[in-house]
$ cat entry_39.pdb   # PDB, C-alpha atoms
ATOM      1  CA  MET J 174     145.558 -91.834 -36.932  1.00  0.00           C
ATOM      2  CA  ASN J 175     142.235 -91.375 -38.717  1.00  0.00           C
ATOM      3  CA  ILE J 176     141.964 -94.479 -40.917  1.00  0.00           C
ATOM      4  CA  LYS J 177     139.496 -92.834 -43.281  1.00  0.00           C
ATOM      5  CA  LYS J 178     141.873 -89.941 -43.964  1.00  0.00           C
ATOM      6  CA  ALA J 179     144.757 -92.331 -44.546  1.00  0.00           C
ATOM      7  CA  ILE J 180     143.000 -94.347 -47.274  1.00  0.00           C
ATOM      8  CA  PRO J 181     143.025 -91.766 -50.115  1.00  0.00           C
ATOM      9  CA  ASN J 182     146.497 -90.500 -49.172  1.00  0.00           C
ATOM     10  CA  THR J 183     147.819 -94.068 -49.264  1.00  0.00           C
ATOM     11  CA  LEU J 184     146.433 -94.481 -52.771  1.00  0.00           C
ATOM     12  CA  THR J 185     148.101 -91.209 -53.768  1.00  0.00           C
ATOM     13  CA  LEU J 186     151.444 -92.483 -52.497  1.00  0.00           C
ATOM     14  CA  LEU J 187     150.913 -95.722 -54.430  1.00  0.00           C
ATOM     15  CA  ASN J 188     150.436 -93.537 -57.519  1.00  0.00           C
ATOM     16  CA  LEU J 189     153.791 -91.927 -56.769  1.00  0.00           C
ATOM     17  CA  LEU J 190     155.443 -95.313 -56.198  1.00  0.00           C
ATOM     18  CA  SER J 191     154.098 -96.552 -59.536  1.00  0.00           C
ATOM     19  CA  GLY J 192     155.618 -93.532 -61.255  1.00  0.00           C
ATOM     20  CA  LEU J 193     159.006 -94.033 -59.596  1.00  0.00           C
ATOM     21  CA  ILE J 194     159.182 -97.693 -60.641  1.00  0.00           C
ATOM     22  CA  ALA J 195     158.052 -96.676 -64.145  1.00  0.00           C
ATOM     23  CA  LEU J 196     161.064 -94.352 -64.340  1.00  0.00           C
ATOM     24  CA  ILE J 197     163.395 -97.222 -63.464  1.00  0.00           C
ATOM     25  CA  SER J 198     161.698 -99.379 -66.108  1.00  0.00           C
ATOM     26  CA  ILE J 199     162.205 -96.699 -68.778  1.00  0.00           C
ATOM     27  CA  PHE J 200     165.934 -96.406 -68.107  1.00  0.00           C
ATOM     28  CA  ASN J 201     166.218-100.199 -68.216  1.00  0.00           C
ATOM     29  CA  GLY J 202     164.440-100.242 -71.582  1.00  0.00           C
ATOM     30  CA  TYR J 203     161.261-101.918 -70.352  1.00  0.00           C
ATOM     31  CA  TYR J 204     158.769 -99.537 -71.924  1.00  0.00           C
ATOM     32  CA  ASP J 205     155.927-102.063 -71.669  1.00  0.00           C
ATOM     33  CA  HIS J 206     156.467-102.333 -67.904  1.00  0.00           C
ATOM     34  CA  ALA J 207     156.532 -98.541 -67.646  1.00  0.00           C
ATOM     35  CA  PHE J 208     153.240 -98.310 -69.543  1.00  0.00           C
ATOM     36  CA  LEU J 209     151.533-100.765 -67.191  1.00  0.00           C
ATOM     37  CA  LEU J 210     152.908 -98.981 -64.132  1.00  0.00           C
ATOM     38  CA  VAL J 211     151.653 -95.628 -65.397  1.00  0.00           C
ATOM     39  CA  CYS J 212     148.212 -97.151 -65.973  1.00  0.00           C
ATOM     40  CA  LEU J 213     148.336 -98.470 -62.396  1.00  0.00           C
ATOM     41  CA  GLY J 214     149.320 -95.027 -61.131  1.00  0.00           C
ATOM     42  CA  ILE J 215     146.455 -93.382 -63.000  1.00  0.00           C
ATOM     43  CA  PHE J 216     144.118 -96.009 -61.516  1.00  0.00           C
ATOM     44  CA  PHE J 217     145.253 -95.002 -58.017  1.00  0.00           C
ATOM     45  CA  ASP J 218     144.940 -91.328 -58.994  1.00  0.00           C
ATOM     46  CA  PHE J 219     141.306 -91.849 -59.963  1.00  0.00           C
ATOM     47  CA  TRP J 220     140.337 -93.647 -56.782  1.00  0.00           C
ATOM     48  CA  ASP J 221     142.151 -91.414 -54.303  1.00  0.00           C
ATOM     49  CA  GLY J 222     140.042 -88.388 -55.227  1.00  0.00           C
ATOM     50  CA  PHE J 223     136.838 -90.409 -55.512  1.00  0.00           C
ATOM     51  CA  LEU J 224     137.295 -91.999 -52.087  1.00  0.00           C
ATOM     52  CA  ALA J 225     138.307 -88.684 -50.515  1.00  0.00           C
ATOM     53  CA  ARG J 226     134.978 -87.229 -51.667  1.00  0.00           C
ATOM     54  CA  LYS J 227     132.983 -90.313 -50.711  1.00  0.00           C
ATOM     55  CA  LEU J 228     134.544 -90.518 -47.249  1.00  0.00           C
ATOM     56  CA  ASN J 229     134.343 -86.745 -46.851  1.00  0.00           C
ATOM     57  CA  VAL J 230     138.035 -86.495 -45.969  1.00  0.00           C
ATOM     58  CA  GLN J 231     139.208 -84.039 -48.627  1.00  0.00           C
ATOM     59  CA  SER J 232     142.080 -81.921 -47.333  1.00  0.00           C
ATOM     60  CA  ASP J 233     144.767 -79.468 -48.414  1.00  0.00           C
ATOM     61  CA  LEU J 234     147.362 -82.132 -47.663  1.00  0.00           C
ATOM     62  CA  GLY J 235     145.625 -84.581 -49.976  1.00  0.00           C
ATOM     63  CA  LEU J 236     145.468 -81.940 -52.712  1.00  0.00           C
ATOM     64  CA  GLN J 237     149.199 -81.260 -52.486  1.00  0.00           C
ATOM     65  CA  LEU J 238     150.087 -84.955 -52.330  1.00  0.00           C
ATOM     66  CA  ASP J 239     147.965 -85.601 -55.398  1.00  0.00           C
ATOM     67  CA  SER J 240     149.737 -82.922 -57.433  1.00  0.00           C
ATOM     68  CA  LEU J 241     153.188 -84.048 -56.332  1.00  0.00           C
ATOM     69  CA  ALA J 242     152.423 -87.678 -57.215  1.00  0.00           C
ATOM     70  CA  ASP J 243     150.957 -86.651 -60.567  1.00  0.00           C
ATOM     71  CA  MET J 244     154.055 -84.572 -61.266  1.00  0.00           C
ATOM     72  CA  VAL J 245     156.096 -87.776 -61.239  1.00  0.00           C
ATOM     73  CA  THR J 246     153.708 -90.301 -62.802  1.00  0.00           C
ATOM     74  CA  SER J 247     152.099 -87.940 -65.314  1.00  0.00           C
ATOM     75  CA  GLY J 248     154.885 -85.412 -65.764  1.00  0.00           C
ATOM     76  CA  VAL J 249     158.402 -86.718 -65.285  1.00  0.00           C
ATOM     77  CA  VAL J 250     157.704 -90.244 -66.595  1.00  0.00           C
ATOM     78  CA  PRO J 251     156.398 -89.218 -70.075  1.00  0.00           C
ATOM     79  CA  GLY J 252     159.196 -86.648 -70.333  1.00  0.00           C
ATOM     80  CA  MET J 253     161.831 -89.296 -69.597  1.00  0.00           C
ATOM     81  CA  LEU J 254     160.216 -91.654 -72.103  1.00  0.00           C
ATOM     82  CA  LEU J 255     160.464 -89.031 -74.849  1.00  0.00           C
ATOM     83  CA  PHE J 256     164.078 -88.376 -73.832  1.00  0.00           C
ATOM     84  CA  LYS J 257     164.867 -92.080 -74.268  1.00  0.00           C
ATOM     85  CA  LEU J 258     162.950 -92.340 -77.556  1.00  0.00           C
ATOM     86  CA  PHE J 259     164.854 -89.380 -79.041  1.00  0.00           C
ATOM     87  CA  GLU J 260     168.133 -90.785 -77.709  1.00  0.00           C
ATOM     88  CA  THR J 261     167.445 -94.266 -79.129  1.00  0.00           C
ATOM     89  CA  ILE J 262     166.729 -92.807 -82.560  1.00  0.00           C
ATOM     90  CA  GLN J 263     170.040 -90.947 -82.526  1.00  0.00           C
ATOM     91  CA  GLN J 264     171.890 -94.102 -81.483  1.00  0.00           C
ATOM     92  CA  ASN J 265     170.264 -96.552 -83.907  1.00  0.00           C
ATOM     93  CA  GLN J 266     169.177 -94.673 -87.027  1.00  0.00           C
ATOM     94  CA  PRO J 267     172.089 -93.747 -89.340  1.00  0.00           C
ATOM     95  CA  ASP J 268     170.272 -90.677 -90.685  1.00  0.00           C
ATOM     96  CA  TYR J 269     170.122 -89.134 -87.211  1.00  0.00           C
ATOM     97  CA  MET J 270     173.345 -90.341 -85.606  1.00  0.00           C
ATOM     98  CA  LEU J 271     175.555 -87.646 -84.131  1.00  0.00           C
ATOM     99  CA  THR J 272     178.729 -86.763 -86.007  1.00  0.00           C
ATOM    100  CA  GLU J 273     181.399 -84.120 -85.632  1.00  0.00           C
ATOM    101  CA  GLU J 274     179.282 -81.895 -87.863  1.00  0.00           C
ATOM    102  CA  THR J 275     175.978 -82.559 -86.105  1.00  0.00           C
ATOM    103  CA  TYR J 276     177.134 -82.877 -82.473  1.00  0.00           C
ATOM    104  CA  TYR J 277     174.869 -79.965 -81.516  1.00  0.00           C
ATOM    105  CA  MET J 278     171.836 -82.173 -82.259  1.00  0.00           C
ATOM    106  CA  GLY J 279     172.665 -83.967 -79.010  1.00  0.00           C
ATOM    107  CA  ILE J 280     170.374 -81.418 -77.383  1.00  0.00           C
ATOM    108  CA  VAL J 281     167.321 -82.937 -79.113  1.00  0.00           C
ATOM    109  CA  PRO J 282     166.579 -85.655 -76.498  1.00  0.00           C
ATOM    110  CA  TYR J 283     166.418 -82.959 -73.830  1.00  0.00           C
ATOM    111  CA  LEU J 284     163.442 -81.430 -75.640  1.00  0.00           C
ATOM    112  CA  GLY J 285     161.414 -84.275 -74.122  1.00  0.00           C
ATOM    113  CA  LEU J 286     161.880 -82.521 -70.779  1.00  0.00           C
ATOM    114  CA  LEU J 287     159.490 -79.832 -71.978  1.00  0.00           C
ATOM    115  CA  ILE J 288     156.722 -82.256 -70.971  1.00  0.00           C
ATOM    116  CA  PRO J 289     157.552 -82.216 -67.227  1.00  0.00           C
ATOM    117  CA  LEU J 290     157.826 -78.413 -67.359  1.00  0.00           C
ATOM    118  CA  ALA J 291     154.437 -78.007 -69.057  1.00  0.00           C
ATOM    119  CA  SER J 292     152.890 -80.610 -66.734  1.00  0.00           C
ATOM    120  CA  CYS J 293     154.254 -78.870 -63.644  1.00  0.00           C
ATOM    121  CA  TYR J 294     152.776 -75.556 -64.763  1.00  0.00           C
ATOM    122  CA  ARG J 295     149.428 -77.181 -65.497  1.00  0.00           C
ATOM    123  CA  LEU J 296     149.261 -78.983 -62.138  1.00  0.00           C
ATOM    124  CA  ALA J 297     150.129 -75.829 -60.207  1.00  0.00           C
ATOM    125  CA  ASN J 298     147.586 -73.822 -62.165  1.00  0.00           C
ATOM    126  CA  PHE J 299     144.931 -76.510 -61.639  1.00  0.00           C
ATOM    127  CA  ASN J 300     145.213 -76.158 -57.868  1.00  0.00           C
ATOM    128  CA  ILE J 301     144.388 -72.448 -57.929  1.00  0.00           C
ATOM    129  CA  ASP J 302     141.980 -72.327 -60.882  1.00  0.00           C
ATOM    130  CA  THR J 303     138.432 -72.290 -59.494  1.00  0.00           C
ATOM    131  CA  ARG J 304     137.005 -72.912 -62.970  1.00  0.00           C
ATOM    132  CA  GLN J 305     138.212 -76.537 -62.938  1.00  0.00           C
ATOM    133  CA  THR J 306     136.043 -77.978 -60.194  1.00  0.00           C
ATOM    134  CA  ASN J 307     133.616 -79.799 -62.520  1.00  0.00           C
ATOM    135  CA  SER J 308     135.552 -79.785 -65.798  1.00  0.00           C
ATOM    136  CA  PHE J 309     139.059 -79.218 -67.104  1.00  0.00           C
ATOM    137  CA  ILE J 310     140.755 -76.320 -68.833  1.00  0.00           C
ATOM    138  CA  GLY J 311     143.418 -77.878 -71.010  1.00  0.00           C
ATOM    139  CA  LEU J 312     144.321 -81.545 -71.372  1.00  0.00           C
ATOM    140  CA  PRO J 313     144.641 -83.380 -68.009  1.00  0.00           C
ATOM    141  CA  THR J 314     148.148 -84.684 -67.345  1.00  0.00           C
ATOM    142  CA  PRO J 315     147.056 -88.376 -67.082  1.00  0.00           C
ATOM    143  CA  ALA J 316     145.417 -88.220 -70.527  1.00  0.00           C
ATOM    144  CA  ASN J 317     148.505 -86.624 -72.038  1.00  0.00           C
ATOM    145  CA  THR J 318     150.689 -89.243 -70.349  1.00  0.00           C
ATOM    146  CA  LEU J 319     148.687 -92.147 -71.768  1.00  0.00           C
ATOM    147  CA  PHE J 320     149.043 -90.597 -75.228  1.00  0.00           C
ATOM    148  CA  ILE J 321     152.830 -90.416 -74.925  1.00  0.00           C
ATOM    149  CA  MET J 322     153.278 -93.768 -73.177  1.00  0.00           C
ATOM    150  CA  SER J 323     151.340 -95.485 -75.975  1.00  0.00           C
ATOM    151  CA  ILE J 324     153.955 -94.476 -78.573  1.00  0.00           C
ATOM    152  CA  PRO J 325     156.393 -97.372 -78.001  1.00  0.00           C
ATOM    153  CA  MET J 326     153.512 -99.775 -77.310  1.00  0.00           C
ATOM    154  CA  ILE J 327     152.113 -99.410 -80.829  1.00  0.00           C
ATOM    155  CA  GLN J 328     155.056-101.445 -82.141  1.00  0.00           C
ATOM    156  CA  TYR J 329     153.481-104.523 -80.524  1.00  0.00           C
ATOM    157  CA  VAL J 330     150.358-104.220 -82.684  1.00  0.00           C
ATOM    158  CA  ASP J 331     150.296-106.185 -85.966  1.00  0.00           C
ATOM    159  CA  ASN J 332     149.398-104.500 -89.279  1.00  0.00           C
ATOM    160  CA  TYR J 333     150.541-101.040 -88.167  1.00  0.00           C
ATOM    161  CA  GLN J 334     154.202-101.114 -89.168  1.00  0.00           C
ATOM    162  CA  TRP J 335     153.721 -97.854 -91.079  1.00  0.00           C
ATOM    163  CA  LEU J 336     152.613 -96.171 -87.867  1.00  0.00           C
ATOM    164  CA  THR J 337     155.573 -97.598 -85.933  1.00  0.00           C
ATOM    165  CA  ASP J 338     157.913 -96.273 -88.623  1.00  0.00           C
ATOM    166  CA  ALA J 339     156.277 -92.844 -88.464  1.00  0.00           C
ATOM    167  CA  LEU J 340     156.619 -92.708 -84.680  1.00  0.00           C
ATOM    168  CA  ASN J 341     160.327 -93.477 -85.013  1.00  0.00           C
ATOM    169  CA  ASN J 342     160.747 -90.167 -86.822  1.00  0.00           C
ATOM    170  CA  PRO J 343     162.220 -87.526 -84.485  1.00  0.00           C
ATOM    171  CA  TYR J 344     160.389 -84.727 -86.274  1.00  0.00           C
ATOM    172  CA  LEU J 345     157.012 -86.320 -85.527  1.00  0.00           C
ATOM    173  CA  LEU J 346     158.057 -86.905 -81.913  1.00  0.00           C
ATOM    174  CA  LEU J 347     158.996 -83.236 -81.672  1.00  0.00           C
ATOM    175  CA  VAL J 348     155.583 -82.212 -83.036  1.00  0.00           C
ATOM    176  CA  ILE J 349     153.904 -84.487 -80.469  1.00  0.00           C
ATOM    177  CA  THR J 350     156.040 -82.954 -77.700  1.00  0.00           C
ATOM    178  CA  LEU J 351     155.208 -79.374 -78.606  1.00  0.00           C
ATOM    179  CA  LEU J 352     151.523 -80.154 -79.196  1.00  0.00           C
ATOM    180  CA  SER J 353     151.307 -81.865 -75.806  1.00  0.00           C
ATOM    181  CA  CYS J 354     152.850 -78.860 -74.071  1.00  0.00           C
ATOM    182  CA  TYR J 355     150.325 -76.597 -75.760  1.00  0.00           C
ATOM    183  CA  LEU J 356     147.282 -78.772 -75.031  1.00  0.00           C
ATOM    184  CA  LEU J 357     148.218 -79.181 -71.368  1.00  0.00           C
ATOM    185  CA  ASN J 358     147.902 -75.444 -70.796  1.00  0.00           C
ATOM    186  CA  ALA J 359     145.551 -74.327 -73.562  1.00  0.00           C
ATOM    187  CA  GLU J 360     142.419 -72.402 -72.621  1.00  0.00           C
ATOM    188  CA  ILE J 361     140.230 -75.195 -73.990  1.00  0.00           C
ATOM    189  CA  PRO J 362     137.358 -76.419 -71.766  1.00  0.00           C
ATOM    190  CA  LEU J 363     137.260 -80.236 -71.652  1.00  0.00           C
ATOM    191  CA  PHE J 364     134.646 -82.334 -69.896  1.00  0.00           C
ATOM    192  CA  SER J 365     135.778 -84.095 -66.722  1.00  0.00           C
ATOM    193  CA  LEU J 366     136.856 -87.719 -67.032  1.00  0.00           C
ATOM    194  CA  LYS J 367     136.361 -88.398 -63.327  1.00  0.00           C
ATOM    195  CA  PHE J 368     133.178 -89.879 -61.891  1.00  0.00           C
ATOM    196  CA  LYS J 369     131.851 -87.858 -58.990  1.00  0.00           C
ATOM    197  CA  GLN J 370     128.751 -90.064 -58.781  1.00  0.00           C
ATOM    198  CA  PHE J 371     128.273 -93.514 -60.322  1.00  0.00           C
ATOM    199  CA  THR J 372     124.791 -92.717 -61.642  1.00  0.00           C
ATOM    200  CA  TRP J 373     123.530 -92.413 -65.210  1.00  0.00           C
ATOM    201  CA  LYS J 374     122.112 -88.953 -64.547  1.00  0.00           C
ATOM    202  CA  GLU J 375     125.333 -87.544 -63.090  1.00  0.00           C
ATOM    203  CA  ALA J 376     127.855 -89.396 -65.258  1.00  0.00           C
ATOM    204  CA  LYS J 377     126.095 -90.087 -68.563  1.00  0.00           C
ATOM    205  CA  LEU J 378     128.781 -88.463 -70.696  1.00  0.00           C
ATOM    206  CA  GLN J 379     131.638 -90.180 -68.854  1.00  0.00           C
ATOM    207  CA  ILE J 380     129.935 -93.594 -69.069  1.00  0.00           C
ATOM    208  CA  LEU J 381     129.290 -93.276 -72.805  1.00  0.00           C
ATOM    209  CA  PHE J 382     132.856 -92.145 -73.408  1.00  0.00           C
ATOM    210  CA  LEU J 383     134.177 -95.048 -71.314  1.00  0.00           C
ATOM    211  CA  ILE J 384     132.165 -97.518 -73.425  1.00  0.00           C
ATOM    212  CA  PHE J 385     133.481 -95.862 -76.605  1.00  0.00           C
ATOM    213  CA  ALA J 386     137.063 -96.132 -75.292  1.00  0.00           C
ATOM    214  CA  ILE J 387     136.677 -99.809 -74.357  1.00  0.00           C
ATOM    215  CA  VAL J 388     135.298-100.665 -77.802  1.00  0.00           C
ATOM    216  CA  LEU J 389     138.191 -98.878 -79.517  1.00  0.00           C
ATOM    217  CA  ILE J 390     140.751-100.672 -77.338  1.00  0.00           C
ATOM    218  CA  LEU J 391     139.173-104.050 -78.110  1.00  0.00           C
ATOM    219  CA  LEU J 392     139.295-103.289 -81.828  1.00  0.00           C
ATOM    220  CA  LEU J 393     142.645-101.514 -82.149  1.00  0.00           C
ATOM    221  CA  SER J 394     144.639-102.383 -79.026  1.00  0.00           C
ATOM    222  CA  PHE J 395     147.306 -99.761 -78.225  1.00  0.00           C
ATOM    223  CA  VAL J 396     146.596 -97.836 -81.430  1.00  0.00           C
ATOM    224  CA  ALA J 397     143.278 -96.880 -79.835  1.00  0.00           C
ATOM    225  CA  ILE J 398     144.891 -94.825 -77.064  1.00  0.00           C
ATOM    226  CA  PRO J 399     145.944 -91.761 -79.096  1.00  0.00           C
ATOM    227  CA  LEU J 400     142.627 -91.972 -80.967  1.00  0.00           C
ATOM    228  CA  ILE J 401     140.737 -91.943 -77.650  1.00  0.00           C
ATOM    229  CA  ILE J 402     142.630 -88.873 -76.430  1.00  0.00           C
ATOM    230  CA  LEU J 403     142.087 -87.041 -79.716  1.00  0.00           C
ATOM    231  CA  SER J 404     138.394 -88.004 -79.626  1.00  0.00           C
ATOM    232  CA  TYR J 405     138.152 -86.670 -76.080  1.00  0.00           C
ATOM    233  CA  ILE J 406     139.433 -83.300 -77.254  1.00  0.00           C
ATOM    234  CA  ALA J 407     137.205 -83.305 -80.355  1.00  0.00           C
ATOM    235  CA  ILE J 408     134.047 -84.211 -78.390  1.00  0.00           C
ATOM    236  CA  SER J 409     134.799 -81.467 -75.878  1.00  0.00           C
ATOM    237  CA  LEU J 410     135.201 -78.918 -78.669  1.00  0.00           C
ATOM    238  CA  VAL J 411     131.852 -79.972 -80.173  1.00  0.00           C
ATOM    239  CA  LEU J 412     130.154 -79.721 -76.756  1.00  0.00           C
ATOM    240  CA  ASN J 413     131.686 -76.289 -76.240  1.00  0.00           C
ATOM    241  CA  THR J 414     130.244 -75.141 -79.574  1.00  0.00           C
ATOM    242  CA  PHE J 415     126.728 -76.339 -78.696  1.00  0.00           C
ATOM    243  CA  GLN J 416     126.892 -74.834 -75.207  1.00  0.00           C
ATOM    244  CA  LYS J 417     127.795 -71.448 -76.644  1.00  0.00           C
ATOM    245  CA  LYS J 418     124.711 -71.635 -78.853  1.00  0.00           C
TER     246      LYS J 418
END
$ encode --input "entry_39.pdb" --output "structure tokens"
Amino acid sequence: MNIKKAIPNTLTLLNLLSGLIALISIFNGYYDHAFLLVCLGIFFDFWDGFLARKLNVQSDLGLQLDSLADMVTSGVVPGMLLFKLFETIQQNQPDYMLTEETYYMGIVPYLGLLIPLASCYRLANFNIDTRQTNSFIGLPTPANTLFIMSIPMIQYVDNYQWLTDALNNPYLLLVITLLSCYLLNAEIPLFSLKFKQFTWKEAKLQILFLIFAIVLILLLSFVAIPLIILSYIAISLVLNTFQKK
């Protein structure tokens, strides 16, 4: 076996393993564990591609493995989390509990499964879209996943009870679900979040954005995550406007 070829593929499989354990954590109610496991999976996802390029061992097998692993960690996991969040609201909030008259609302939790469907379509399209070699078209699945996985984590942040209450509203969760599905596959150019070279010249934008993200996290903790994702989209839109000019 070629050891160099095995390194990035091993990291990809560790990404998949992280996603699988995250799923178990979600169904056991450990959303904080699931969040950390998803972050670990995304960490592996970053390094597998970087090392494949650095070691010059990129392959079709690696590409397929990467998409399949991402489908679990950044597709199925956030979908299952939304399913559980919708389900928990229906079980614990009197205003949304199922009755004989509202039994049909039991379908609502399954709307969270729109996320895996949209993610699957995006990942398949990414593999055949030659425009996405140096940038992205639509929101990358890991970014969307971090946005969704941060929802239950915000409850651990002091002074944001109003935000926790808002995120326990099924209508807002539905808006987030539908918006995520749209952004994943929207024809919106977004700058790449991956470092192809660790140099200021080649990765100036990514480095500055990373510093911005770290500062926000230090200031706002988990509340920073959705703000970072929204800022990523907004900055990309601004850059697109200037590039057109």
$ resolve_selection --input "entry_39.pdb" --expression "the PyMOL selection byres ((chain J and resi 325-337) around 7)" --output "list in words"
Tyr204, Asp205, Met322, Ser323, Ile324, Asp338, Ala339, Leu340, Asn341, Phe395 and Val396 of chain J
$ residues_around --input "entry_39.pdb" --residues "J:Ile406" --least-positions-apart "6" --cutoff "10 Å" --atoms "only C-alpha atoms" --output "list in words"
Gly311, Leu312, Leu356, Ile361, Pro362, Leu363, Phe364, Leu400 and Leu412 of chain J
$ residues_around --input "entry_39.pdb" --residues "J:Gln263" --least-positions-apart "2" --cutoff "12 Å" --atoms "all atoms listed in the file" --output "list in words"
Phe256, Lys257, Leu258, Phe259, Glu260, Thr261, Asn265, Gln266, Pro267, Asp268, Tyr269, Met270, Leu271, Thr272, Thr275, Tyr276, Met278, Gly279, Ile280, Val281, Pro282, Asn341, Asn342 and Pro343 of chain J
$ atom_distance --input "entry_39.pdb" --atom1 "atom CA of J:Thr246" --atom2 "atom CA of J:Phe217"
10.8 Å
$ closest_residue --input "entry_39.pdb" --among "J:Ala316, J:Leu357, J:Leu345, J:Leu410" --to "J:Phe299" --atoms "all atoms listed in the file"
J:Leu357
$ resolve_selection --input "entry_39.pdb" --expression "the PyMOL selection byres ((chain J and resi 293) around 12)" --output "ChimeraX atom specification"
/J:240-249,252,286-292,294-300,313-314,354,357-358
$ residues_around --input "entry_39.pdb" --residues "stretch 195-202 of chain J" --least-positions-apart "5" --cutoff "7 Å" --atoms "all atoms listed in the file" --output "PyMOL selection string"
chain J and resi 207+210-211+250+254
$ closest_residue --input "entry_39.pdb" --among "J:Ser409, J:Glu274, J:Pro399, J:Lys367" --to "J:Ile310" --atoms "only C-alpha atoms"
J:Ser409
$ atom_distance --input "entry_39.pdb" --atom1 "atom CA of J:Leu391" --atom2 "atom CA of J:Leu352"
26.9 Å
$ closest_residue --input "entry_39.pdb" --among "J:Ser191, J:Thr303, J:Thr350, J:Ser232" --to "J:Asn317" --atoms "all atoms listed in the file"
J:Thr350
$ resolve_selection --input "entry_39.pdb" --expression "the PyMOL selection byres ((chain J and resi 182) around 12)" --output "VMD selection string"
chain J and resid 175 to 181 183 to 189 217 to 218 220 to 225 230 to 242
$ residues_around --input "entry_39.pdb" --residues "stretch 377-384 of chain J" --least-positions-apart "6" --cutoff "10 Å" --atoms "only C-alpha atoms" --output "list in words"
Phe364, Ser365, Leu366, Lys367, Phe368, Phe371, Ile390, Ile401, Ser404, Tyr405 and Ile408 of chain J
$ atom_distance --input "entry_39.pdb" --atom1 "atom CA of J:Leu346" --atom2 "atom CA of J:Tyr203"
19.2 Å
